[in-house]
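The next block holds one structure in the form of structure tokens; read it before the comments.
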Amino acid sequence: MVARSESSLPPRSIVLIGLVALAIAMGIGRFAFTPLMPLMLRDGSLDAVTGTEWATANYIGYLLGALSASWFARSPRHGLQIGLIGVAATTLAMAWGNVSLPWLGLALRGSAGVFSAWVLVCASSWCLPELARRNATSLGGWIYTGVGLGIAATGLMTWLGGAQAAVSLWMELGLLAIVGAAHVIRSLPRQPAASAPSGPVDARRPAAPSAASGNLGVVLCYSAFGFGYIVPATFLPTMARQLVSDPLVFGLTWPIFGTAAALSVAFAAHRLHGWSRRKVWAIAQGVMAVGTALPLLQQALWVLAASAVLVGGTFMVTTMAGLQLARERMPGNPTPLLARMTTGFAAGQIAGPLLVRLIGDARIAGWDALGLASAAASLLLAITSIWLWRGGTASASRQPSA
């Protein structure tokens with residue numbers, strides 16, 4: 001195969017590379033365990049305690065991956081390749097992870113978290129600057145539809161194939177990850193482009209703030225987002241299962257979540273690309289606060305479905321807007337800021353389930369652990385949404401129009 005340079009890639013090919021990479025890393029590497037855990041419990045290949053430990057290992061791995069993603073600041077392309085190979089390998093190997101080998105599943109889920117974080121940071125760090133060099137910044141949001149598409153595809157596979165043993169589904173997802181990783185690696189250019197400034201695109205931007213100037217609030221808002229979304233993202237299928245035992249019913253919450261994520265990002269990329277990134281982020285975070293609060297008002301299947309739509313429909317818009325904002329603030333090399341934001345996000349998503357476990361069976365003001373965690377998530381999301389909106393309005397008035 002003839003080696004291609006990065007400059008020869010058209011913008012749509014760059015978008016497709018990022019989309020497929022994020023579908024594999026997040027839809028499979030990060031979130032496949034959510035719909036598969038109930039099936040593993042059904043098969044007896046997993047117990048609830050071990051499952052919780054494996055999920056926690058993935059969160060911790062994601063945090064470690066975010067902390068170490070800056071290793072690839074000079075070559076995010078290499079981090080993207082390594083991360084995709086790692087996600088495919090660990091997913092396929094999960095076919096041999098069960099309660100009799102708890103250490104294997106623990107290691108695999110932790111490693112999958114590391115590799116997923118590398119892919120998210122490195123895909124953003126490579127795709128967004130390459131699109132900027134081609135004056136195609138408005139297409140950047142489309143790569144984040146990959147996360148929702150990956151979640152929806154994984155959810156549909158586990159929903160339609162729920163009669164199979166969970167081990168078979170792990171193997172099928174592993175093979176799918178191998179095919180996707182091979183496509184991305186084959187499509188990536190062999191020769192890196194010169195690290196030159198992006199010309200007229202950067203010339204129209206205001207000077208980027210330093211890493212220590214003004215970025216702490218952005219990192220904290222992204223950390224609050226990690227805490228807020230993880231409560232419904234972790235427990236919505238479990239909450240639905242408590243209301244109805246049929247897997248063909250409760251299993252639909254995850255495909256709904258992923259489909260809403262993909263459609264909302266597509267809408268935002270198509271209709272909101274001219275908006276301030278902070279304002280888009282603020283709106284998405286505010287809607288997510290409503291989604292996390294809904295189950296507090298009533299326990300019903302339609303309420304959980306609405307929560308899945310509102311949270312699923314905003315969590316990738318928030319991711320897209322937040323990472324694009326990082327690119328705007330540090331256009332020369334966004335990888336360090338992206339890594340800090342992803343680290344905060346990972347810490348937030350560890351804190352969510354940890355709070356649920358710490359509360360345990362206690363009830364405060366009539367709320368159980370899930371209710372209290374959801375209330376805390378809603379409050380944090382609402383506060384940070386207001387902060388982002390006020391900052392977004394002010395910053396928008398100072399920035400030149402695109």
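FYI, nothing fancy with the structure tokens labels: chains A, B, ... in order, residues from 1 per chain, ligands from 1 as they appear.
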**Message:** Env of region 7-23 of chain A: 8 Å cut, atoms = only C-alpha atoms, seq-sep filter 5 positions within chain, self excluded. Answer as a ChimeraX atom specification.
**Reply:** /A:28,80,84,119-120,123-124,127,130-131,134,136,139-140,142-151,180-181,184,187-189,193
With N, CA and C atoms retained, could you export that selection as a tab-separated table (two decimals), in the first residue's frame?
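So the final result, stored in part25.tsv, reads:
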```
chain	number	residue	atom	x	y	z
A	28	ILE	N	-17.39	0.44	22.86
A	28	ILE	CA	-17.01	-0.93	23.24
A	28	ILE	C	-16.07	-0.92	24.44
A	80	LEU	N	-3.22	6.96	19.31
A	80	LEU	CA	-4.48	6.48	18.74
A	80	LEU	C	-4.34	5.03	18.29
A	84	LEU	N	-6.30	1.81	20.15
A	84	LEU	CA	-7.27	0.99	19.43
A	84	LEU	C	-6.90	-0.49	19.47
A	119	VAL	N	-7.39	6.84	23.37
A	119	VAL	CA	-8.02	7.04	22.08
A	119	VAL	C	-8.82	8.35	22.06
A	120	LEU	N	-9.59	8.61	23.11
A	120	LEU	CA	-10.39	9.84	23.14
A	120	LEU	C	-9.51	11.07	23.04
A	123	ALA	N	-7.44	10.97	19.56
A	123	ALA	CA	-8.29	11.20	18.39
A	123	ALA	C	-8.66	12.68	18.30
A	124	SER	N	-9.01	13.30	19.44
A	124	SER	CA	-9.32	14.72	19.45
A	124	SER	C	-8.09	15.54	19.10
A	127	CYS	N	-7.38	14.76	15.15
A	127	CYS	CA	-8.42	15.12	14.17
A	127	CYS	C	-8.71	16.61	14.14
A	130	GLU	N	-6.02	18.71	12.41
A	130	GLU	CA	-5.97	18.40	10.98
A	130	GLU	C	-7.15	19.04	10.24
A	131	LEU	N	-8.31	19.06	10.84
A	131	LEU	CA	-9.45	19.73	10.22
A	131	LEU	C	-9.23	21.24	10.18
A	134	ARG	N	-7.28	22.44	7.30
A	134	ARG	CA	-8.02	22.42	6.04
A	134	ARG	C	-9.20	23.40	6.05
A	136	ALA	N	-11.67	23.38	7.93
A	136	ALA	CA	-12.90	22.59	8.06
A	136	ALA	C	-13.23	22.36	9.52
A	139	LEU	N	-16.52	20.80	10.86
A	139	LEU	CA	-16.78	19.37	10.79
A	139	LEU	C	-16.31	18.62	12.04
A	140	GLY	N	-15.59	19.30	12.93
A	140	GLY	CA	-15.00	18.62	14.08
A	140	GLY	C	-16.01	17.92	14.97
A	142	TRP	N	-18.55	16.28	14.24
A	142	TRP	CA	-19.08	15.01	13.73
A	142	TRP	C	-18.32	13.80	14.23
A	143	ILE	N	-17.05	13.97	14.60
A	143	ILE	CA	-16.31	12.79	15.07
A	143	ILE	C	-16.91	12.25	16.38
A	144	TYR	N	-17.56	13.13	17.16
A	144	TYR	CA	-18.09	12.70	18.45
A	144	TYR	C	-19.42	11.96	18.33
A	145	THR	N	-20.01	11.94	17.12
A	145	THR	CA	-21.17	11.07	16.93
A	145	THR	C	-20.76	9.61	17.06
A	146	GLY	N	-19.46	9.34	16.90
A	146	GLY	CA	-18.98	7.96	17.01
A	146	GLY	C	-19.25	7.34	18.36
A	147	VAL	N	-19.19	8.14	19.42
A	147	VAL	CA	-19.43	7.60	20.76
A	147	VAL	C	-20.86	7.08	20.88
A	148	GLY	N	-21.82	7.92	20.48
A	148	GLY	CA	-23.22	7.50	20.54
A	148	GLY	C	-23.51	6.33	19.63
A	149	LEU	N	-22.94	6.35	18.42
A	149	LEU	CA	-23.14	5.24	17.50
A	149	LEU	C	-22.56	3.95	18.06
A	150	GLY	N	-21.40	4.05	18.70
A	150	GLY	CA	-20.79	2.86	19.30
A	150	GLY	C	-21.61	2.31	20.45
A	151	ILE	N	-22.13	3.20	21.30
A	151	ILE	CA	-22.98	2.77	22.42
A	151	ILE	C	-24.26	2.14	21.89
A	180	GLY	N	-12.83	-2.58	13.21
A	180	GLY	CA	-12.81	-1.13	13.24
A	180	GLY	C	-11.41	-0.57	13.44
A	181	ALA	N	-10.64	-1.19	14.35
A	181	ALA	CA	-9.28	-0.73	14.60
A	181	ALA	C	-8.42	-0.89	13.35
A	184	VAL	N	-9.20	1.95	10.92
A	184	VAL	CA	-8.62	3.24	11.30
A	184	VAL	C	-7.12	3.25	11.07
A	187	SER	N	-6.27	3.52	7.53
A	187	SER	CA	-6.62	4.82	6.95
A	187	SER	C	-5.70	5.94	7.41
A	188	LEU	N	-5.06	5.77	8.57
A	188	LEU	CA	-4.17	6.82	9.07
A	188	LEU	C	-2.99	6.99	8.13
A	189	PRO	N	-2.53	8.22	7.94
A	189	PRO	CA	-1.35	8.46	7.10
A	189	PRO	C	-0.10	7.90	7.75
A	193	ALA	N	2.56	15.16	9.25
A	193	ALA	CA	2.75	16.48	8.64
A	193	ALA	C	3.60	17.36	9.54
```
Counting only C-alpha atoms, what is within 10 Å of Ala233 (chain A), bar same-chain residues fewer than 6 positions away, as a PDB file with N, CA and C atoms, in the first residue's frame?
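Result file follows (around26.pdb):
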```
ATOM      1  N   PHE A  31     -17.948   1.221  27.469  1.00  0.00           N
ATOM      2  CA  PHE A  31     -19.328   1.040  27.899  1.00  0.00           C
ATOM      3  C   PHE A  31     -19.948  -0.319  27.568  1.00  0.00           C
ATOM      4  N   THR A  34     -21.616  -2.258  30.550  1.00  0.00           N
ATOM      5  CA  THR A  34     -22.898  -1.845  31.144  1.00  0.00           C
ATOM      6  C   THR A  34     -24.052  -2.748  30.707  1.00  0.00           C
ATOM      7  N   THR A 253     -32.959   0.554  27.385  1.00  0.00           N
ATOM      8  CA  THR A 253     -32.492   1.840  27.898  1.00  0.00           C
ATOM      9  C   THR A 253     -31.116   2.205  27.346  1.00  0.00           C
ATOM     10  N   TRP A 254     -30.271   1.210  27.123  1.00  0.00           N
ATOM     11  CA  TRP A 254     -28.912   1.506  26.658  1.00  0.00           C
ATOM     12  C   TRP A 254     -28.873   1.888  25.175  1.00  0.00           C
ATOM     13  N   PHE A 257     -30.105   5.387  25.016  1.00  0.00           N
ATOM     14  CA  PHE A 257     -29.056   6.293  25.491  1.00  0.00           C
ATOM     15  C   PHE A 257     -28.081   6.604  24.362  1.00  0.00           C
ATOM     16  N   THR A 292     -30.927  14.027  35.079  1.00  0.00           N
ATOM     17  CA  THR A 292     -30.535  13.316  36.297  1.00  0.00           C
ATOM     18  C   THR A 292     -31.542  13.519  37.423  1.00  0.00           C
ATOM     19  N   SER A 307     -35.161  10.088  31.012  1.00  0.00           N
ATOM     20  CA  SER A 307     -33.846  10.392  31.572  1.00  0.00           C
ATOM     21  C   SER A 307     -32.743   9.913  30.633  1.00  0.00           C
ATOM     22  N   ALA A 308     -32.926   8.712  30.053  1.00  0.00           N
ATOM     23  CA  ALA A 308     -31.935   8.190  29.102  1.00  0.00           C
ATOM     24  C   ALA A 308     -31.794   9.101  27.896  1.00  0.00           C
ATOM     25  N   VAL A 311     -30.095  12.583  29.226  1.00  0.00           N
ATOM     26  CA  VAL A 311     -28.683  12.435  29.580  1.00  0.00           C
ATOM     27  C   VAL A 311     -27.889  11.923  28.380  1.00  0.00           C
ATOM     28  N   GLY A 312     -28.416  10.897  27.708  1.00  0.00           N
ATOM     29  CA  GLY A 312     -27.731  10.397  26.523  1.00  0.00           C
ATOM     30  C   GLY A 312     -27.654  11.434  25.427  1.00  0.00           C
ATOM     31  N   PHE A 315     -24.729  14.115  26.874  1.00  0.00           N
ATOM     32  CA  PHE A 315     -23.394  13.849  27.405  1.00  0.00           C
ATOM     33  C   PHE A 315     -22.321  13.914  26.321  1.00  0.00           C
ATOM     34  N   GLN A 349     -16.215  10.614  37.459  1.00  0.00           N
ATOM     35  CA  GLN A 349     -17.004   9.411  37.238  1.00  0.00           C
ATOM     36  C   GLN A 349     -16.631   8.299  38.221  1.00  0.00           C
TER      37      GLN A 349
END
```
**Residue among A:Gly105, A:Gly65, A:Pro331, A:Gly174 lying closest to Phe345 (chain A), counting only C-alpha atoms** = A:Gly65
Could you give me, as a PDB file with C-alpha atoms, in the first residue's frame, each residue of region 53-235 of chain A that DSSP assigns to alpha helix (DSSP H) when run on this structure's backbone?
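The resulting file, states.pdb, is shown below:
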```pdb
ATOM      1  CA  GLU A  53     -15.012  -4.257  41.114  1.00  0.00           C
ATOM      2  CA  TRP A  54     -14.568  -4.659  37.354  1.00  0.00           C
ATOM      3  CA  ALA A  55     -16.568  -1.510  36.650  1.00  0.00           C
ATOM      4  CA  THR A  56     -14.488   0.412  39.193  1.00  0.00           C
ATOM      5  CA  ALA A  57     -11.304  -0.912  37.600  1.00  0.00           C
ATOM      6  CA  ASN A  58     -12.428   0.514  34.262  1.00  0.00           C
ATOM      7  CA  TYR A  59     -13.058   3.932  35.827  1.00  0.00           C
ATOM      8  CA  ILE A  60      -9.636   3.881  37.498  1.00  0.00           C
ATOM      9  CA  GLY A  61      -8.015   2.745  34.260  1.00  0.00           C
ATOM     10  CA  TYR A  62      -9.700   5.613  32.436  1.00  0.00           C
ATOM     11  CA  LEU A  63      -8.275   8.016  35.019  1.00  0.00           C
ATOM     12  CA  LEU A  64      -4.779   6.555  34.608  1.00  0.00           C
ATOM     13  CA  GLY A  65      -5.134   6.751  30.848  1.00  0.00           C
ATOM     14  CA  ALA A  66      -6.110  10.408  31.058  1.00  0.00           C
ATOM     15  CA  LEU A  67      -3.159  11.140  33.341  1.00  0.00           C
ATOM     16  CA  SER A  68      -0.735   9.445  30.948  1.00  0.00           C
ATOM     17  CA  PRO A  76      -1.188  11.615  19.058  1.00  0.00           C
ATOM     18  CA  ARG A  77      -1.379   9.427  15.943  1.00  0.00           C
ATOM     19  CA  HIS A  78       0.726   6.780  17.707  1.00  0.00           C
ATOM     20  CA  GLY A  79      -1.364   6.968  20.863  1.00  0.00           C
ATOM     21  CA  LEU A  80      -4.479   6.478  18.743  1.00  0.00           C
ATOM     22  CA  GLN A  81      -3.048   3.347  17.133  1.00  0.00           C
ATOM     23  CA  ILE A  82      -1.842   1.824  20.412  1.00  0.00           C
ATOM     24  CA  GLY A  83      -5.132   2.597  22.144  1.00  0.00           C
ATOM     25  CA  LEU A  84      -7.270   0.987  19.428  1.00  0.00           C
ATOM     26  CA  ILE A  85      -5.170  -2.187  19.382  1.00  0.00           C
ATOM     27  CA  GLY A  86      -5.425  -2.342  23.176  1.00  0.00           C
ATOM     28  CA  VAL A  87      -9.212  -1.907  23.199  1.00  0.00           C
ATOM     29  CA  ALA A  88      -9.667  -4.661  20.604  1.00  0.00           C
ATOM     30  CA  ALA A  89      -7.354  -7.076  22.439  1.00  0.00           C
ATOM     31  CA  THR A  90      -8.841  -6.528  25.899  1.00  0.00           C
ATOM     32  CA  THR A  91     -12.414  -6.810  24.594  1.00  0.00           C
ATOM     33  CA  LEU A  92     -11.745 -10.111  22.848  1.00  0.00           C
ATOM     34  CA  ALA A  93      -9.927 -11.452  25.914  1.00  0.00           C
ATOM     35  CA  PRO A 102     -11.664 -12.367  38.882  1.00  0.00           C
ATOM     36  CA  TRP A 103      -8.135 -10.978  38.555  1.00  0.00           C
ATOM     37  CA  LEU A 104      -8.235 -11.440  34.763  1.00  0.00           C
ATOM     38  CA  GLY A 105     -11.444  -9.483  34.309  1.00  0.00           C
ATOM     39  CA  LEU A 106     -10.132  -6.828  36.711  1.00  0.00           C
ATOM     40  CA  ALA A 107      -6.930  -6.415  34.688  1.00  0.00           C
ATOM     41  CA  LEU A 108      -8.732  -6.422  31.348  1.00  0.00           C
ATOM     42  CA  ARG A 109     -11.366  -3.857  32.338  1.00  0.00           C
ATOM     43  CA  GLY A 110      -8.707  -1.622  33.896  1.00  0.00           C
ATOM     44  CA  SER A 111      -6.534  -1.843  30.781  1.00  0.00           C
ATOM     45  CA  ALA A 112      -9.538  -1.145  28.541  1.00  0.00           C
ATOM     46  CA  GLY A 113     -10.119   2.064  30.500  1.00  0.00           C
ATOM     47  CA  VAL A 114      -6.518   3.178  29.935  1.00  0.00           C
ATOM     48  CA  PHE A 115      -6.666   2.479  26.205  1.00  0.00           C
ATOM     49  CA  SER A 116     -10.080   4.178  25.837  1.00  0.00           C
ATOM     50  CA  ALA A 117      -8.808   7.395  27.413  1.00  0.00           C
ATOM     51  CA  TRP A 118      -5.784   7.385  25.117  1.00  0.00           C
ATOM     52  CA  VAL A 119      -8.023   7.044  22.075  1.00  0.00           C
ATOM     53  CA  LEU A 120     -10.391   9.838  23.142  1.00  0.00           C
ATOM     54  CA  VAL A 121      -7.590  12.305  23.863  1.00  0.00           C
ATOM     55  CA  CYS A 122      -5.423  11.342  20.894  1.00  0.00           C
ATOM     56  CA  ALA A 123      -8.291  11.203  18.392  1.00  0.00           C
ATOM     57  CA  SER A 124      -9.323  14.721  19.449  1.00  0.00           C
ATOM     58  CA  SER A 125      -5.711  15.927  19.441  1.00  0.00           C
ATOM     59  CA  TRP A 126      -5.079  14.616  15.930  1.00  0.00           C
ATOM     60  CA  CYS A 127      -8.419  15.118  14.173  1.00  0.00           C
ATOM     61  CA  LEU A 128      -9.276  18.649  15.319  1.00  0.00           C
ATOM     62  CA  PRO A 129      -5.950  20.267  14.296  1.00  0.00           C
ATOM     63  CA  GLU A 130      -5.971  18.404  10.981  1.00  0.00           C
ATOM     64  CA  LEU A 131      -9.452  19.728  10.225  1.00  0.00           C
ATOM     65  CA  ALA A 132      -8.336  23.226  11.249  1.00  0.00           C
ATOM     66  CA  ARG A 133      -5.450  23.049   8.760  1.00  0.00           C
ATOM     67  CA  THR A 145     -21.165  11.070  16.932  1.00  0.00           C
ATOM     68  CA  GLY A 146     -18.984   7.959  17.006  1.00  0.00           C
ATOM     69  CA  VAL A 147     -19.430   7.596  20.762  1.00  0.00           C
ATOM     70  CA  GLY A 148     -23.218   7.501  20.544  1.00  0.00           C
ATOM     71  CA  LEU A 149     -23.141   5.237  17.500  1.00  0.00           C
ATOM     72  CA  GLY A 150     -20.787   2.862  19.303  1.00  0.00           C
ATOM     73  CA  ILE A 151     -22.979   2.772  22.418  1.00  0.00           C
ATOM     74  CA  ALA A 152     -26.111   2.251  20.322  1.00  0.00           C
ATOM     75  CA  ALA A 153     -24.487  -0.531  18.277  1.00  0.00           C
ATOM     76  CA  THR A 154     -23.226  -2.298  21.403  1.00  0.00           C
ATOM     77  CA  GLY A 155     -26.602  -1.921  23.070  1.00  0.00           C
ATOM     78  CA  LEU A 156     -28.438  -3.315  20.032  1.00  0.00           C
ATOM     79  CA  MET A 157     -26.034  -6.265  19.760  1.00  0.00           C
ATOM     80  CA  THR A 158     -26.531  -7.190  23.398  1.00  0.00           C
ATOM     81  CA  TRP A 159     -30.288  -6.541  23.232  1.00  0.00           C
ATOM     82  CA  LEU A 160     -30.955  -8.558  20.068  1.00  0.00           C
ATOM     83  CA  ALA A 166     -22.402 -13.391  27.384  1.00  0.00           C
ATOM     84  CA  VAL A 167     -19.080 -14.978  26.426  1.00  0.00           C
ATOM     85  CA  SER A 168     -20.242 -15.160  22.807  1.00  0.00           C
ATOM     86  CA  LEU A 169     -21.208 -11.502  22.843  1.00  0.00           C
ATOM     87  CA  TRP A 170     -17.780 -10.533  24.194  1.00  0.00           C
ATOM     88  CA  MET A 171     -16.159 -12.406  21.318  1.00  0.00           C
ATOM     89  CA  GLU A 172     -18.446 -10.744  18.762  1.00  0.00           C
ATOM     90  CA  LEU A 173     -17.710  -7.299  20.156  1.00  0.00           C
ATOM     91  CA  GLY A 174     -14.000  -8.093  20.193  1.00  0.00           C
ATOM     92  CA  LEU A 175     -14.082  -9.065  16.519  1.00  0.00           C
ATOM     93  CA  LEU A 176     -16.020  -5.894  15.709  1.00  0.00           C
ATOM     94  CA  ALA A 177     -13.376  -3.848  17.543  1.00  0.00           C
ATOM     95  CA  ILE A 178     -10.605  -5.587  15.582  1.00  0.00           C
ATOM     96  CA  VAL A 179     -12.288  -4.769  12.258  1.00  0.00           C
ATOM     97  CA  GLY A 180     -12.810  -1.128  13.236  1.00  0.00           C
ATOM     98  CA  ALA A 181      -9.278  -0.725  14.600  1.00  0.00           C
ATOM     99  CA  ALA A 182      -7.833  -2.228  11.423  1.00  0.00           C
ATOM    100  CA  HIS A 183      -9.828   0.236   9.317  1.00  0.00           C
ATOM    101  CA  VAL A 184      -8.621   3.241  11.303  1.00  0.00           C
ATOM    102  CA  ILE A 185      -4.979   2.152  11.389  1.00  0.00           C
ATOM    103  CA  ARG A 186      -5.041   1.419   7.647  1.00  0.00           C
ATOM    104  CA  SER A 187      -6.619   4.820   6.949  1.00  0.00           C
ATOM    105  CA  PRO A 200      -5.416  31.812   8.476  1.00  0.00           C
ATOM    106  CA  VAL A 201      -7.487  29.751  10.910  1.00  0.00           C
ATOM    107  CA  ASP A 202      -5.226  30.662  13.828  1.00  0.00           C
ATOM    108  CA  ALA A 203      -4.728  34.213  12.596  1.00  0.00           C
ATOM    109  CA  ASN A 215      -8.532  26.833  32.505  1.00  0.00           C
ATOM    110  CA  LEU A 216      -9.161  25.704  36.087  1.00  0.00           C
ATOM    111  CA  GLY A 217     -12.857  26.561  35.883  1.00  0.00           C
ATOM    112  CA  VAL A 218     -13.183  24.681  32.597  1.00  0.00           C
ATOM    113  CA  VAL A 219     -11.497  21.617  34.097  1.00  0.00           C
ATOM    114  CA  LEU A 220     -13.768  21.750  37.166  1.00  0.00           C
ATOM    115  CA  CYS A 221     -16.885  22.016  34.989  1.00  0.00           C
ATOM    116  CA  TYR A 222     -15.744  19.010  32.974  1.00  0.00           C
ATOM    117  CA  SER A 223     -15.093  17.129  36.227  1.00  0.00           C
ATOM    118  CA  ALA A 224     -18.641  17.918  37.412  1.00  0.00           C
ATOM    119  CA  PHE A 225     -19.898  16.605  34.081  1.00  0.00           C
ATOM    120  CA  GLY A 226     -18.069  13.302  34.731  1.00  0.00           C
ATOM    121  CA  PHE A 227     -19.750  12.981  38.114  1.00  0.00           C
ATOM    122  CA  GLY A 228     -23.166  13.985  36.799  1.00  0.00           C
ATOM    123  CA  TYR A 229     -23.489  11.712  33.806  1.00  0.00           C
ATOM    124  CA  ILE A 230     -22.008   8.556  35.365  1.00  0.00           C
ATOM    125  CA  VAL A 231     -24.833   8.041  37.859  1.00  0.00           C
ATOM    126  CA  PRO A 232     -27.553   7.456  35.217  1.00  0.00           C
ATOM    127  CA  ALA A 233     -25.043   5.951  32.762  1.00  0.00           C
ATOM    128  CA  THR A 234     -24.104   3.321  35.338  1.00  0.00           C
ATOM    129  CA  PHE A 235     -27.432   2.634  36.986  1.00  0.00           C
TER     130      PHE A 235
END
```
**Request:** Can you pull out every residue within 9 Å of Leu323 (chain A), counting only C-alpha atoms, but drop anything in the same chain fewer than 5 positions away, and send it as a VMD selection string?
**Result:** chain A and resid 121 124 318 328 334 337 to 338 341
**Request:** Go ahead and compute the interatomic distance for CA of Leu354 (chain A) and CA of Ala95 (chain A), in Å to one decimal.
**Result:**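 Spanning CA of Leu354 (chain A) to CA of Ala95 (chain A) is a straight-line distance of 27.0 Å.
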**Request:** Would you mind reading off the distance between CA of Trp367 (chain A) and CA of Ala300 (chain A), one decimal, in Å?
**Result:**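 Separation of CA of Trp367 (chain A) and CA of Ala300 (chain A): 16.0 Å.
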**Item:** Point-to-point distance in Å for CA of Gly258 (chain A) and CA of Gly29 (chain A)
**Value:**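 So the two atoms, CA of Gly29 (chain A) and CA of Gly258 (chain A), lie 14.3 Å apart.
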Residues within 9 Å of Leu325 (chain A), only C-alpha atoms, excluding chain neighbours under 2 positions, as a PDB file with C-alpha atoms, in the first residue's frame:
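Okay, selection.pdb is ready:
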```
ATOM      1  CA  VAL A 218     -13.183  24.681  32.597  1.00  0.00           C
ATOM      2  CA  SER A 276     -19.925  29.722  21.284  1.00  0.00           C
ATOM      3  CA  ARG A 277     -18.602  26.391  22.523  1.00  0.00           C
ATOM      4  CA  ARG A 278     -19.159  27.480  26.119  1.00  0.00           C
ATOM      5  CA  MET A 320     -17.764  17.637  21.981  1.00  0.00           C
ATOM      6  CA  ALA A 321     -18.155  21.252  23.139  1.00  0.00           C
ATOM      7  CA  GLY A 322     -15.700  20.831  26.015  1.00  0.00           C
ATOM      8  CA  LEU A 323     -12.950  19.274  23.904  1.00  0.00           C
ATOM      9  CA  ARG A 327      -8.729  23.178  21.166  1.00  0.00           C
ATOM     10  CA  GLU A 328      -9.774  26.851  20.855  1.00  0.00           C
ATOM     11  CA  ARG A 329      -8.020  27.837  24.081  1.00  0.00           C
ATOM     12  CA  MET A 330      -4.737  26.052  23.266  1.00  0.00           C
TER      13      MET A 330
END
```
**Item:** Selected residue, from A:Phe267, A:Pro38, A:Leu370, A:Ser70, that lies nearest to Asn333 (chain A) when counting only C-alpha atoms
**Value:** A:Ser70
**Request:** For Ala365 (chain A), work out the shell of residues within 12 Å, counting only C-alpha atoms and skipping chain neighbours fewer than 5 positions away, then give it as a PyMOL selection string.
**Result:** chain A and resi 371-372+375
